[in-house]
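Printed here is my_file-v3.txt (compact mmCIF, C-alpha atoms):
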# COMPACT_ATOMS: atom_id res chain seq x y z
CA MET L 530 -0.46 -26.14 -10.87
CA SER L 531 1.66 -23.25 -9.67
CA ILE L 532 3.41 -21.08 -12.26
CA GLU L 533 6.62 -20.41 -10.31
CA LYS L 534 9.07 -23.29 -9.97
CA GLY L 535 11.71 -21.36 -7.96
CA LYS L 536 12.04 -21.74 -4.19
CA ILE L 537 12.99 -19.18 -1.56
CA SER L 538 13.95 -19.61 2.10
CA SER L 539 12.05 -17.94 4.92
CA GLN L 540 15.17 -15.88 5.71
CA GLN L 541 15.08 -14.50 2.16
CA LEU L 542 11.41 -13.73 2.73
CA LEU L 543 12.46 -11.65 5.76
CA PHE L 544 14.71 -9.46 3.60
CA LEU L 545 12.14 -9.25 0.80
CA ILE L 546 9.50 -7.97 3.25
CA ALA L 547 11.95 -5.62 5.01
CA GLY L 548 13.05 -4.14 1.66
CA PHE L 549 9.46 -3.95 0.45
CA VAL L 550 8.23 -2.00 3.50
CA HIS L 551 11.41 0.09 3.57
CA GLY L 552 10.79 0.97 -0.10
CA SER L 553 7.72 2.95 0.98
CA VAL L 554 9.76 5.26 3.18
CA LEU L 555 9.16 8.36 1.04
CA LEU L 556 5.44 7.58 0.96
CA ILE L 557 5.09 8.55 4.63
CA ASP L 558 4.85 12.07 3.21
CA PHE L 559 1.19 11.22 2.46
CA THR L 560 0.73 10.81 6.21
CA VAL L 561 2.93 13.71 7.29
CA GLY L 562 0.59 16.22 5.62
CA ILE L 563 -2.24 14.94 7.84
CA THR L 564 -0.66 13.85 11.13
CA GLU L 565 2.26 16.35 11.18
CA HIS L 566 4.51 15.86 14.25
CA GLN L 567 2.52 12.84 15.45
CA THR L 568 3.48 10.69 12.45
CA TRP L 569 5.74 8.49 14.59
CA MET L 570 2.73 7.49 16.74
CA VAL L 571 0.69 6.71 13.64
CA ILE L 572 3.44 4.41 12.32
CA LEU L 573 3.52 2.48 15.61
CA ALA L 574 -0.28 2.24 15.76
CA GLY L 575 -0.43 1.17 12.10
CA LEU L 576 2.11 -1.56 12.79
CA VAL L 577 0.20 -2.86 15.83
CA ILE L 578 -3.08 -2.95 13.88
CA THR L 579 -1.54 -4.66 10.84
CA VAL L 580 0.41 -7.40 12.65
CA PRO L 581 -2.61 -9.72 13.27
CA VAL L 582 -3.71 -9.32 9.65
CA ILE L 583 -0.24 -10.19 8.37
CA VAL L 584 -0.12 -13.22 10.69
CA SER L 585 -3.36 -14.31 9.00
CA TYR L 586 -1.60 -14.03 5.58
CA VAL L 587 1.16 -16.37 6.78
CA ALA L 588 -1.38 -18.75 8.36
CA LEU L 589 -3.25 -18.82 5.03
CA ALA L 590 -0.03 -19.51 3.10
CA LYS L 591 0.90 -22.29 5.54
CA ARG L 592 -2.55 -23.83 5.20
CA PHE L 593 -2.24 -23.92 1.41
CA PRO L 594 1.44 -24.82 0.91
CA GLY L 595 2.82 -24.31 -2.61
CA MET L 596 -0.26 -22.33 -3.68
CA ASN L 597 -0.55 -18.66 -4.59
CA LEU L 598 -3.36 -16.23 -3.85
CA VAL L 599 -5.24 -16.87 -7.12
CA GLN L 600 -5.25 -20.63 -6.48
CA ILE L 601 -6.32 -20.09 -2.85
CA ASN L 602 -9.20 -17.80 -3.98
CA ASP L 603 -10.35 -20.42 -6.51
CA MET L 604 -10.29 -23.13 -3.85
CA VAL L 605 -11.97 -21.14 -1.06
CA TYR L 606 -14.58 -19.13 -2.96
CA GLY L 607 -15.16 -21.42 -5.95
CA ARG L 608 -14.07 -20.84 -9.54
CA PHE L 609 -16.44 -17.96 -10.40
CA LEU L 610 -16.33 -15.83 -7.22
CA GLY L 611 -12.67 -16.73 -6.72
CA LYS L 612 -11.81 -15.37 -10.17
CA ILE L 613 -13.71 -12.13 -9.50
CA ILE L 614 -11.79 -11.61 -6.25
CA SER L 615 -8.53 -12.43 -8.03
CA ILE L 616 -9.33 -9.82 -10.72
CA TYR L 617 -9.92 -7.29 -7.92
CA TYR L 618 -6.48 -8.19 -6.51
CA ILE L 619 -4.86 -7.88 -9.96
CA PHE L 620 -6.40 -4.42 -10.35
CA PHE L 621 -4.94 -3.48 -6.95
CA PHE L 622 -1.49 -4.83 -7.91
CA MET L 623 -1.52 -2.99 -11.25
CA MET L 624 -2.65 0.30 -9.77
CA THR L 625 -0.21 0.19 -6.85
CA LEU L 626 2.62 -0.70 -9.20
CA SER L 627 1.79 2.27 -11.43
CA PHE L 628 1.77 4.61 -8.38
CA ASN L 629 5.18 3.34 -7.28
CA ILE L 630 6.70 3.65 -10.77
CA ARG L 631 5.29 7.18 -10.90
CA ASP L 632 6.83 7.92 -7.48
CA VAL L 633 10.27 7.05 -8.84
CA GLY L 634 9.70 9.29 -11.86
CA GLU L 635 8.50 12.16 -9.63
CA LEU L 636 11.50 11.66 -7.32
CA TYR L 637 13.91 12.10 -10.23
CA ILE L 638 12.01 14.91 -11.94
CA THR L 639 11.63 16.91 -8.72
CA PHE L 640 14.99 16.40 -7.04
CA LEU L 641 17.64 14.70 -9.13
CA MET L 642 17.23 15.01 -12.92
CA GLN L 643 14.87 17.90 -13.63
CA ASP L 644 15.57 18.17 -17.37
CA THR L 645 15.06 14.50 -18.26
CA PRO L 646 11.74 13.59 -19.94
CA PHE L 647 9.39 11.98 -17.41
CA ILE L 648 8.38 9.11 -19.72
CA PHE L 649 12.03 8.23 -20.37
CA LEU L 650 12.66 7.76 -16.62
CA LEU L 651 9.55 5.58 -16.35
CA ILE L 652 10.56 3.42 -19.33
CA VAL L 653 14.14 2.88 -18.08
CA PHE L 654 13.04 2.06 -14.54
CA THR L 655 10.22 -0.30 -15.62
CA ALA L 656 12.47 -2.06 -18.14
CA THR L 657 14.99 -2.74 -15.34
CA CYS L 658 12.21 -4.17 -13.16
CA ALA L 659 10.99 -6.30 -16.10
CA PHE L 660 14.50 -7.68 -16.55
CA ALA L 661 14.65 -8.64 -12.86
CA VAL L 662 11.18 -10.23 -13.00
CA ALA L 663 12.17 -12.27 -16.06
CA LYS L 664 15.00 -13.76 -13.96
CA GLY L 665 12.47 -15.05 -11.40
CA VAL L 666 11.67 -14.59 -7.74
CA GLU L 667 14.73 -16.58 -6.60
CA VAL L 668 17.12 -13.98 -8.00
CA LEU L 669 15.22 -11.13 -6.35
CA ALA L 670 15.19 -13.00 -3.05
CA ARG L 671 18.92 -13.80 -3.18
CA THR L 672 19.84 -10.14 -3.72
CA SER L 673 17.27 -8.60 -1.37
CA HIS L 674 19.59 -8.41 1.65
CA LEU L 675 21.91 -6.07 -0.32
CA PHE L 676 19.01 -3.68 -0.93
CA VAL L 677 17.98 -3.71 2.71
CA VAL L 678 21.53 -3.09 3.96
CA THR L 679 21.96 -0.17 1.51
CA GLY L 680 18.68 1.38 2.64
CA LEU L 681 19.47 0.97 6.33
CA PHE L 682 22.95 2.44 5.82
CA ALA L 683 21.46 5.55 4.18
CA ILE L 684 18.87 6.04 6.92
CA ILE L 685 21.16 5.44 9.90
CA SER L 686 24.05 7.52 8.51
CA THR L 687 21.82 10.50 7.70
CA PHE L 688 20.19 10.21 11.14
CA ILE L 689 23.61 10.38 12.84
CA LEU L 690 24.78 13.29 10.67
CA LEU L 691 21.63 15.28 11.54
CA ILE L 692 21.70 14.70 15.31
CA ASP L 693 23.17 18.16 16.03
CA GLN L 694 20.25 19.81 14.20
CA MET L 695 17.53 17.88 15.98
CA ASP L 696 15.16 19.60 18.37
CA PHE L 697 13.05 17.09 20.28
CA SER L 698 10.64 19.75 21.52
CA ASN L 699 9.25 19.58 17.94
CA PHE L 700 7.30 16.49 19.05
CA LEU L 701 5.22 18.52 21.50
CA PRO L 702 2.36 18.89 22.16
CA LEU L 703 1.28 15.26 22.08
CA PHE L 704 -2.32 14.23 21.23
CA GLU L 705 -3.09 17.64 19.78
CA LEU L 706 -4.68 16.54 16.49
CA PRO L 707 -8.37 15.58 16.13
CA PHE L 708 -9.13 11.84 16.23
CA ILE L 709 -10.29 11.67 12.60
CA LYS L 710 -6.86 12.87 11.38
CA ILE L 711 -5.06 10.30 13.50
CA PHE L 712 -7.47 7.64 12.20
CA GLN L 713 -6.84 8.66 8.59
CA GLY L 714 -3.09 8.61 9.24
CA ILE L 715 -3.27 5.12 10.75
CA HIS L 716 -5.40 4.02 7.79
CA ILE L 717 -2.81 5.33 5.30
CA VAL L 718 0.13 3.74 7.15
CA SER L 719 -1.63 0.42 7.67
CA VAL L 720 -2.50 0.22 3.96
CA ILE L 721 0.45 1.75 2.12
CA PRO L 722 3.58 0.26 3.59
CA PHE L 723 2.23 -2.53 5.83
CA GLY L 724 -0.99 -3.74 4.18
CA GLU L 725 0.62 -3.89 0.74
CA THR L 726 2.54 -6.93 2.05
CA VAL L 727 -0.58 -8.85 0.96
CA VAL L 728 1.39 -9.28 -2.30
CA PHE L 729 3.52 -11.83 -0.47
CA LEU L 730 0.57 -14.21 -0.56
CA MET L 731 1.59 -14.64 -4.22
CA ILE L 732 5.17 -15.44 -3.15
CA MET L 733 4.80 -17.42 0.09
CA GLY L 734 3.82 -20.48 -1.95
CA CYS L 735 7.46 -20.59 -3.12
CA LEU L 736 8.79 -21.06 0.44
CA ASN L 737 10.87 -24.22 0.75
CA LYS L 738 10.09 -24.52 4.47
CA THR L 739 7.25 -22.79 6.27
CA GLU L 740 8.24 -23.52 9.89
CA HIS L 741 9.78 -20.12 10.61
CA ALA L 742 7.58 -18.15 8.19
CA VAL L 743 5.65 -16.25 10.90
CA LYS L 744 8.80 -15.26 12.80
CA ASN L 745 10.65 -14.16 9.66
CA THR L 746 7.66 -12.32 8.19
CA LEU L 747 7.17 -10.35 11.40
CA SER L 748 10.92 -9.69 11.69
CA GLY L 749 10.96 -8.34 8.14
CA LEU L 750 7.96 -6.18 8.90
CA LEU L 751 9.65 -4.90 12.05
CA VAL L 752 12.86 -3.97 10.20
CA GLY L 753 10.78 -2.06 7.63
CA ALA L 754 8.71 -0.39 10.35
CA VAL L 755 11.83 0.67 12.27
CA SER L 756 13.15 2.34 9.09
CA LEU L 757 9.89 4.26 8.68
CA PHE L 758 9.97 5.16 12.38
CA ILE L 759 13.57 6.49 12.23
CA VAL L 760 12.71 8.58 9.15
CA ALA L 761 9.57 10.00 10.82
CA ILE L 762 11.55 10.87 13.97
CA ARG L 763 14.39 12.43 11.94
CA ASN L 764 12.10 14.56 9.76
CA THR L 765 10.03 15.84 12.68
CA ALA L 766 13.04 16.50 14.93
CA VAL L 767 14.91 18.38 12.18
CA LEU L 768 12.13 20.21 10.35
CA GLY L 769 9.45 20.54 13.04
CA ARG L 770 6.14 21.92 11.81
CA THR L 771 7.67 23.04 8.51
CA GLN L 772 7.86 19.40 7.38
CA THR L 773 4.30 19.63 6.06
CA ILE L 774 5.13 22.37 3.54
CA TRP L 775 7.89 20.53 1.67
CA THR L 776 7.28 18.24 -1.32
CA SER L 777 9.49 15.64 0.37
CA ALA L 778 10.36 16.13 4.03
CA SER L 779 13.09 13.47 3.80
CA PHE L 780 14.95 15.26 1.02
CA GLN L 781 14.61 18.61 2.74
CA SER L 782 15.97 17.36 6.06
CA ILE L 783 18.93 15.62 4.39
CA ARG L 784 19.78 18.78 2.45
CA LEU L 785 20.45 20.43 5.82
CA ILE L 786 23.41 18.12 6.50
CA ASN L 787 26.51 20.30 6.64
CA ILE L 788 29.55 18.84 8.35
CA GLY L 789 32.40 21.36 8.11
CA THR L 790 31.18 22.41 4.62
CA VAL L 791 32.67 19.13 3.35
CA LEU L 792 29.78 16.71 3.82
CA THR L 793 26.93 18.57 2.13
CA ARG L 794 24.20 17.82 -0.46
CA MET L 795 23.76 14.29 0.87
CA ASP L 796 20.33 14.02 -0.81
CA PHE L 797 21.93 11.96 -3.57
CA LEU L 798 22.50 9.25 -0.94
CA ILE L 799 18.77 9.02 -0.25
CA GLY L 800 18.12 9.21 -4.00
CA ILE L 801 20.32 6.15 -4.62
CA ALA L 802 18.99 4.16 -1.63
CA GLN L 803 15.41 4.99 -2.50
CA THR L 804 15.83 4.05 -6.16
CA ILE L 805 17.29 0.67 -5.13
CA LEU L 806 14.48 -0.04 -2.66
CA MET L 807 11.76 1.13 -5.05
CA PHE L 808 13.31 -1.15 -7.66
CA LEU L 809 12.88 -4.09 -5.27
CA LYS L 810 9.32 -3.08 -4.42
CA CYS L 811 8.25 -2.47 -8.04
CA SER L 812 9.93 -5.71 -9.17
CA ILE L 813 7.94 -7.64 -6.54
CA PHE L 814 4.72 -5.91 -7.64
CA LEU L 815 5.41 -6.56 -11.35
CA TYR L 816 6.26 -10.18 -10.56
CA VAL L 817 3.06 -10.82 -8.59
CA THR L 818 0.97 -9.05 -11.24
CA VAL L 819 2.27 -11.18 -14.11
CA VAL L 820 2.11 -14.38 -12.05
CA ALA L 821 -1.48 -13.60 -10.94
CA ILE L 822 -2.60 -12.88 -14.53
CA SER L 823 -0.84 -15.99 -15.85
CA GLN L 824 -2.43 -18.10 -13.11
CA LEU L 825 -5.84 -16.61 -13.87
CA PHE L 826 -5.54 -17.58 -17.55
CA GLY L 827 -4.00 -20.97 -16.71
CA LEU L 828 -0.72 -20.34 -18.55
CA LYS L 829 2.37 -22.53 -18.23
CA SER L 830 4.77 -19.58 -17.86
CA TYR L 831 4.47 -15.93 -16.90
CA LEU L 832 7.43 -14.81 -19.04
CA PRO L 833 5.50 -13.82 -22.23
CA LEU L 834 3.43 -11.32 -20.22
CA VAL L 835 6.32 -9.47 -18.53
CA LEU L 836 7.10 -6.98 -21.31
CA PRO L 837 3.49 -6.20 -22.41
CA LEU L 838 2.54 -5.67 -18.73
CA ALA L 839 5.58 -3.43 -18.25
CA GLY L 840 4.43 -1.41 -21.29
CA ILE L 841 0.93 -1.00 -19.84
CA GLU L 842 2.36 0.01 -16.44
CA VAL L 843 4.56 2.73 -17.99
CA ILE L 844 1.56 4.40 -19.63
CA LEU L 845 -0.60 3.93 -16.51
CA ALA L 846 2.15 5.50 -14.37
CA ALA L 847 2.48 8.43 -16.76
CA THR L 848 -1.25 9.18 -16.93
CA VAL L 849 -2.86 7.91 -13.71
CA PHE L 850 -2.41 11.25 -11.90
CA GLN L 851 -2.09 14.74 -13.33
CA SER L 852 0.22 16.11 -10.63
CA PRO L 853 1.79 15.21 -7.26
CA VAL L 854 -1.11 17.08 -5.56
CA ASP L 855 -3.64 14.96 -7.47
CA HIS L 856 -1.62 11.88 -6.47
CA ALA L 857 -1.74 12.80 -2.76
CA THR L 858 -5.44 13.78 -2.78
CA ILE L 859 -6.61 10.55 -4.41
CA THR L 860 -4.27 8.30 -2.39
CA GLN L 861 -5.41 9.83 0.90
CA ASN L 862 -9.05 8.98 0.09
CA ALA L 863 -10.12 6.55 -2.65
CA GLY L 864 -6.65 4.95 -2.88
CA ILE L 865 -6.72 3.68 0.69
CA ILE L 866 -10.46 2.97 0.87
CA TYR L 867 -10.81 0.65 -2.15
CA SER L 868 -7.94 -1.58 -0.96
CA VAL L 869 -9.38 -2.20 2.54
CA PRO L 870 -11.33 -5.38 1.60
CA LEU L 871 -8.28 -6.83 -0.16
CA ILE L 872 -5.97 -6.25 2.79
CA PHE L 873 -8.14 -6.53 5.88
CA VAL L 874 -11.19 -8.60 4.85
CA PHE L 875 -10.49 -11.28 2.23
CA PRO L 876 -7.36 -12.97 3.66
CA PRO L 877 -8.73 -13.46 7.23
CA LEU L 878 -12.11 -14.43 5.74
CA SER L 879 -10.44 -16.98 3.44
CA LEU L 880 -8.64 -18.44 6.46
CA LEU L 881 -11.92 -18.68 8.39
CA ILE L 882 -13.77 -20.31 5.47
CA ALA L 883 -10.86 -22.73 4.92
CA LYS L 884 -10.99 -23.75 8.59
CA ILE L 885 -14.78 -24.22 8.56
CA ARG L 886 -14.77 -26.17 5.28
CA GLY L 887 -11.61 -28.11 6.21
CA LEU L 888 -9.70 -26.88 3.15
CA PRO L 889 -7.53 -27.97 1.51
CA LYS L 890 -9.04 -31.46 1.38
CA PRO L 891 -6.35 -34.09 2.02
CA GLU L 892 -5.27 -36.01 -1.11
CA ARG L 893 -5.81 -39.41 0.51
CA GLY L 894 -9.49 -38.50 0.99
CA LYS L 895 -10.03 -38.98 -2.75
CA GLY L 896 -8.96 -42.60 -2.76
CA THR L 897 -10.74 -43.78 0.35
CA MET J 1376 6.49 7.37 -32.62
CA ILE J 1377 9.49 5.63 -34.16
CA TYR J 1378 10.71 4.61 -30.67
CA LEU J 1379 7.30 3.15 -29.82
CA LEU J 1380 7.32 1.03 -32.99
CA LEU J 1381 10.90 -0.08 -32.31
CA ILE J 1382 10.13 -1.06 -28.68
CA TYR J 1383 7.04 -3.05 -29.65
CA ALA J 1384 8.83 -4.70 -32.60
CA CYS J 1385 11.52 -5.83 -30.11
CA ILE J 1386 8.89 -7.18 -27.68
CA PHE J 1387 7.28 -9.08 -30.57
CA ILE J 1388 10.60 -10.55 -31.73
CA ILE J 1389 11.60 -11.56 -28.18
CA ASN J 1390 8.36 -13.41 -27.40
CA VAL J 1391 6.44 -14.60 -30.47
CA PRO J 1392 8.93 -16.91 -32.29
CA GLY J 1393 9.52 -18.93 -29.10
CA LEU J 1394 5.79 -19.26 -28.38
CA VAL J 1395 5.05 -20.38 -31.97
CA LYS J 1396 7.97 -22.83 -31.95
CA ARG J 1397 6.78 -24.43 -28.69
CA LYS J 1398 3.17 -24.35 -29.98
CA GLU J 1399 2.00 -22.53 -26.85
CA TRP J 1400 -1.16 -21.14 -28.43
CA ARG J 1401 -2.88 -20.24 -25.17
CA GLU J 1402 0.16 -18.22 -24.07
CA LEU J 1403 0.32 -16.60 -27.52
CA ALA J 1404 -3.38 -15.60 -27.33
CA VAL J 1405 -3.02 -14.02 -23.85
CA PHE J 1406 0.25 -12.35 -24.88
CA SER J 1407 -1.49 -10.91 -27.97
CA ILE J 1408 -4.30 -9.42 -25.86
CA PHE J 1409 -1.91 -7.63 -23.50
CA TYR J 1410 0.43 -6.68 -26.36
CA VAL J 1411 -2.41 -4.98 -28.25
CA ILE J 1412 -3.61 -3.17 -25.10
CA ALA J 1413 -0.06 -2.00 -24.31
CA PHE J 1414 0.54 -0.84 -27.90
CA ALA J 1415 -2.82 0.95 -28.05
CA LEU J 1416 -2.10 2.78 -24.78
CA GLY J 1417 1.40 3.67 -26.00
CA LEU J 1418 -0.01 4.96 -29.29
CA MET J 1419 -2.61 7.08 -27.48
CA TYR J 1420 0.13 8.54 -25.27
CA VAL J 1421 2.41 9.31 -28.22
CA LEU J 1422 -0.44 10.89 -30.20
CA ASP J 1423 -1.37 12.94 -27.11
CA LYS J 1424 -4.88 11.48 -26.91
CA PRO J 1425 -6.50 11.61 -23.44
CA ILE J 1426 -6.17 8.30 -21.55
CA PRO J 1427 -8.84 7.83 -18.87
CA SER J 1428 -7.35 7.25 -15.40
CA PRO J 1429 -8.86 4.27 -13.52
CA MET J 1430 -8.18 6.09 -10.24
CA LYS J 1431 -10.27 9.08 -11.33
CA GLY J 1432 -13.18 6.70 -11.93
CA LEU J 1433 -12.59 5.02 -8.59
CA GLN J 1434 -12.39 8.39 -6.82
CA HIS J 1435 -15.70 9.38 -8.48
CA LEU J 1436 -17.33 6.08 -7.40
CA ILE J 1437 -16.09 6.13 -3.79
CA VAL J 1438 -16.19 9.85 -3.01
CA ASP J 1439 -18.95 11.28 -5.24
CA ILE J 1440 -21.36 8.34 -5.56
CA LEU J 1441 -20.86 6.35 -2.33
CA GLY J 1442 -19.94 9.47 -0.33
CA ILE J 1443 -17.08 7.78 1.55
CA GLU J 1444 -14.41 10.40 2.20
CA TYR J 1445 -12.19 11.71 4.93
CA PRO J 1446 -12.89 15.35 5.85
CA GLN J 1447 -10.50 17.80 4.19
CA GLY J 1448 -8.47 20.47 5.98
Whole structure given in structure tokens:
Amino acid sequence: MSIEKGKISSQQLLFLIAGFVHGSVLLIDFTVGITEHQTWMVILAGLVITVPVIVSYVALAKRFPGMNLVQINDMVYGRFLGKIISIYYIFFFMMTLSFNIRDVGELYITFLMQDTPFIFLLIVFTATCAFAVAKGVEVLARTSHLFVVTGLFAIISTFILLIDQMDFSNFLPLFELPFIKIFQGIHIVSVIPFGETVVFLMIMGCLNKTEHAVKNTLSGLLVGAVSLFIVAIRNTAVLGRTQTIWTSASFQSIRLINIGTVLTRMDFLIGIAQTILMFLKCSIFLYVTVVAISQLFGLKSYLPLVLPLAGIEVILAATVFQSPVDHATITQNAGIIYSVPLIFVFPPLSLLIAKIRGLPKPERGKGT
Amino acid sequence: MIYLLLIYACIFIINVPGLVKRKEWRELAVFSIFYVIAFALGLMYVLDKPIPSPMKGLQHLIVDILGIEYPQG
């Protein structure tokens, strides 16, 4: 029995995925430090590599309609191995959620509200996410298009306002970096914004109709990828090679906007848009974490776990890394390596096993 | 410290009476486990006790023990 009773349309799924991927826009800074002016190529390559994997997620969700990832794991791998894999997924959800909550805290501490206690920002943000999660996935899905439009407005408007400061020779020379750096960049991009969409395997079971799920999932992914691409182009064209020395290349490039000394200090715009999109992303992560844990323990409702989980996530976010440098170092290595099986191996493997074993067994087979 | 106690008292009041009233004992048991973990972590943070980071352990396992790492620099 599935925990969530709410239903979402595949069009709402499109906006949820677009907002989710778009919410990682500041995280391309992890890649920028490695791939420098070739980040735009890495984003395109990451997208191309991830698309077949994400199609396998949708195929898996369509094969097991109305079921979430924990139920699928139990059915495909058996109760014992399935539970172990589900615990691995829950660990991934919890860790990624704590990183994203920490990112919001670091964003505010570094750029917007330097004197506010870090833990206070984390508590307020996580409590807001917990409130949204308590309202259910339907509410998040119904409001997701507002988040996506706000984010796109911020990105497109800042891009237009910075056009006069762009120098497209900053993209040259092409193919200058060693292959291993490009590979690491593609690995980061394919895991952090794109591969994290594996969380939607916990949500796709709530789709009311699955006919257009592939088209809408890929459209959502494309909208998110285009946002990342525009930001990568803007940062490289405006900042050039100096983009690697800033804590956040996006903030630095937007601070250069100066239209007749009237339109200046536009970084607040990115701050607002990013907070809204990170709220959507963290709410989705908190939702899938509580639903996965509730499903694992066979509970009737996920609501009692929302606040205790939010409390754990606040402390994890506050203590998981000692500094932004520590955050970047670990994410660029262990952070992207441990999640590879969860993103690239288990879902396609589950689909293959389900096809071979003819899962799920049709109901009428029991009676005949 | 006082804020921590207030927050966790609120969480208790919001969840527990409803669970007891509906006799959802399984939900209450799982809630209690996560509630105790969350409170313990919060208490350690407030008392400034070191909280081990799971990512540090993972980094040690993957990079130092298994030797899987991207070259630096």
Surrounding residues of region 1404-1406 of chain J excluding itself and chain neighbours under 3 positions, 9 Å, all atoms listed in the file, as a ChimeraX atom specification: /L:823,826,828,833-834,837 /J:1390-1391,1399-1401,1409-1411
Can you work out which residues from chain L touch chain J at a cut-off of 8 Å (counting only C-alpha atoms) and hand them back as a list in words?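 The answer, sorted by residue number, is Ile709, Gln713, Phe826, Leu828, Lys829, Ser830, Pro833, Leu834, Leu836, Pro837, Leu838, Gly840, Ile841, Ile844, Leu845, Thr848, Val849, Phe850, Ile859, Asn862, Ala863, Gly864, Ile866 and Tyr867 of chain L.
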What gap, in Å, lies between CA of Phe875 (chain L) and CA of Phe712 (chain L)? 21.6 Å
Using Å and a single decimal, report how far CA of Ile638 (chain L) sits from CA of Asn787 (chain L).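 For CA of Asn787 (chain L) relative to CA of Ile638 (chain L), the distance reads 24.2 Å.
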Tell me, as a ChimeraX atom specification, which residues lie within 6 Å of region 569-580 of chain L, counting only C-alpha atoms; anything in the same chain fewer than 2 positions away does not count. /L:567,582-583,715,718-719,758,761
Separation of CA of Leu881 (chain L) from CA of Val605 (chain L) in Å: 9.8 Å
Neighbours of Gly769 (chain L) within 8 Å (all atoms listed in the file; same-chain residues fewer than 5 positions away dropped), as a VMD selection string? chain L and resid 566 696 699 to 700 764
Exercise: Lys738 (chain L) partners within 12 Å, only C-alpha atoms, chain neighbours under 5 positions left out, as an mmCIF file with C-alpha atoms, in the coordinates of the input:
data_model
loop_
_atom_site.group_PDB
_atom_site.id
_atom_site.type_symbol
_atom_site.label_atom_id
_atom_site.label_comp_id
_atom_site.auth_asym_id
_atom_site.auth_seq_id
_atom_site.Cartn_x
_atom_site.Cartn_y
_atom_site.Cartn_z
ATOM 1 C CA LYS L 536 12.040 -21.740 -4.190
ATOM 2 C CA ILE L 537 12.990 -19.180 -1.560
ATOM 3 C CA SER L 538 13.950 -19.610 2.100
ATOM 4 C CA SER L 539 12.050 -17.940 4.920
ATOM 5 C CA GLN L 540 15.170 -15.880 5.710
ATOM 6 C CA GLN L 541 15.080 -14.500 2.160
ATOM 7 C CA LEU L 542 11.410 -13.730 2.730
ATOM 8 C CA ALA L 590 -0.030 -19.510 3.100
ATOM 9 C CA LYS L 591 0.900 -22.290 5.540
ATOM 10 C CA PRO L 594 1.440 -24.820 0.910
ATOM 11 C CA GLY L 595 2.820 -24.310 -2.610
ATOM 12 C CA MET L 733 4.800 -17.420 0.090
ATOM 13 C CA VAL L 743 5.650 -16.250 10.900
ATOM 14 C CA ASN L 745 10.650 -14.160 9.660
#
When you count all atoms listed in the file, which of these residues is closest to Val854 (chain L): L:Glu705, L:Glu667, L:Glu533, L:Glu635? L:Glu635
Rank nothing, just name the residue among L:Leu730, L:Val584, L:Met807, L:Ile685 nearest to Ser627 (chain L), using only C-alpha atoms.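 Smallest separation from Ser627 (chain L) among the options: L:Met807.
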All file atoms of region 532-542 of chain L boxed axis-aligned, 6 Å per side, centre plus edges, as JSON:
{"center_x": 9.3, "center_y": -18.5, "center_z": -3.3, "size_x": 23.8, "size_y": 21.6, "size_z": 30.0}
In the coordinate frame of the file, compute which residues have an atom within 8 Å of (14.1, -3.6, -9.5) when using only C-alpha atoms, and state them as a ChimeraX atom specification. /L:654-655,657-659,661,805-813
Rank L:Phe704, L:Phe723, L:Tyr816, L:Phe559 by their smallest atom-to-atom distance to Pro581 (chain L), using only C-alpha atoms, and report the top residue only. L:Phe723
Within 9 Å of Leu785 (chain L), counting only C-alpha atoms, which residues qualify if same-chain residues fewer than 2 places away don't, as a ChimeraX atom specification? /L:691,694,767,780-783,787,793-795
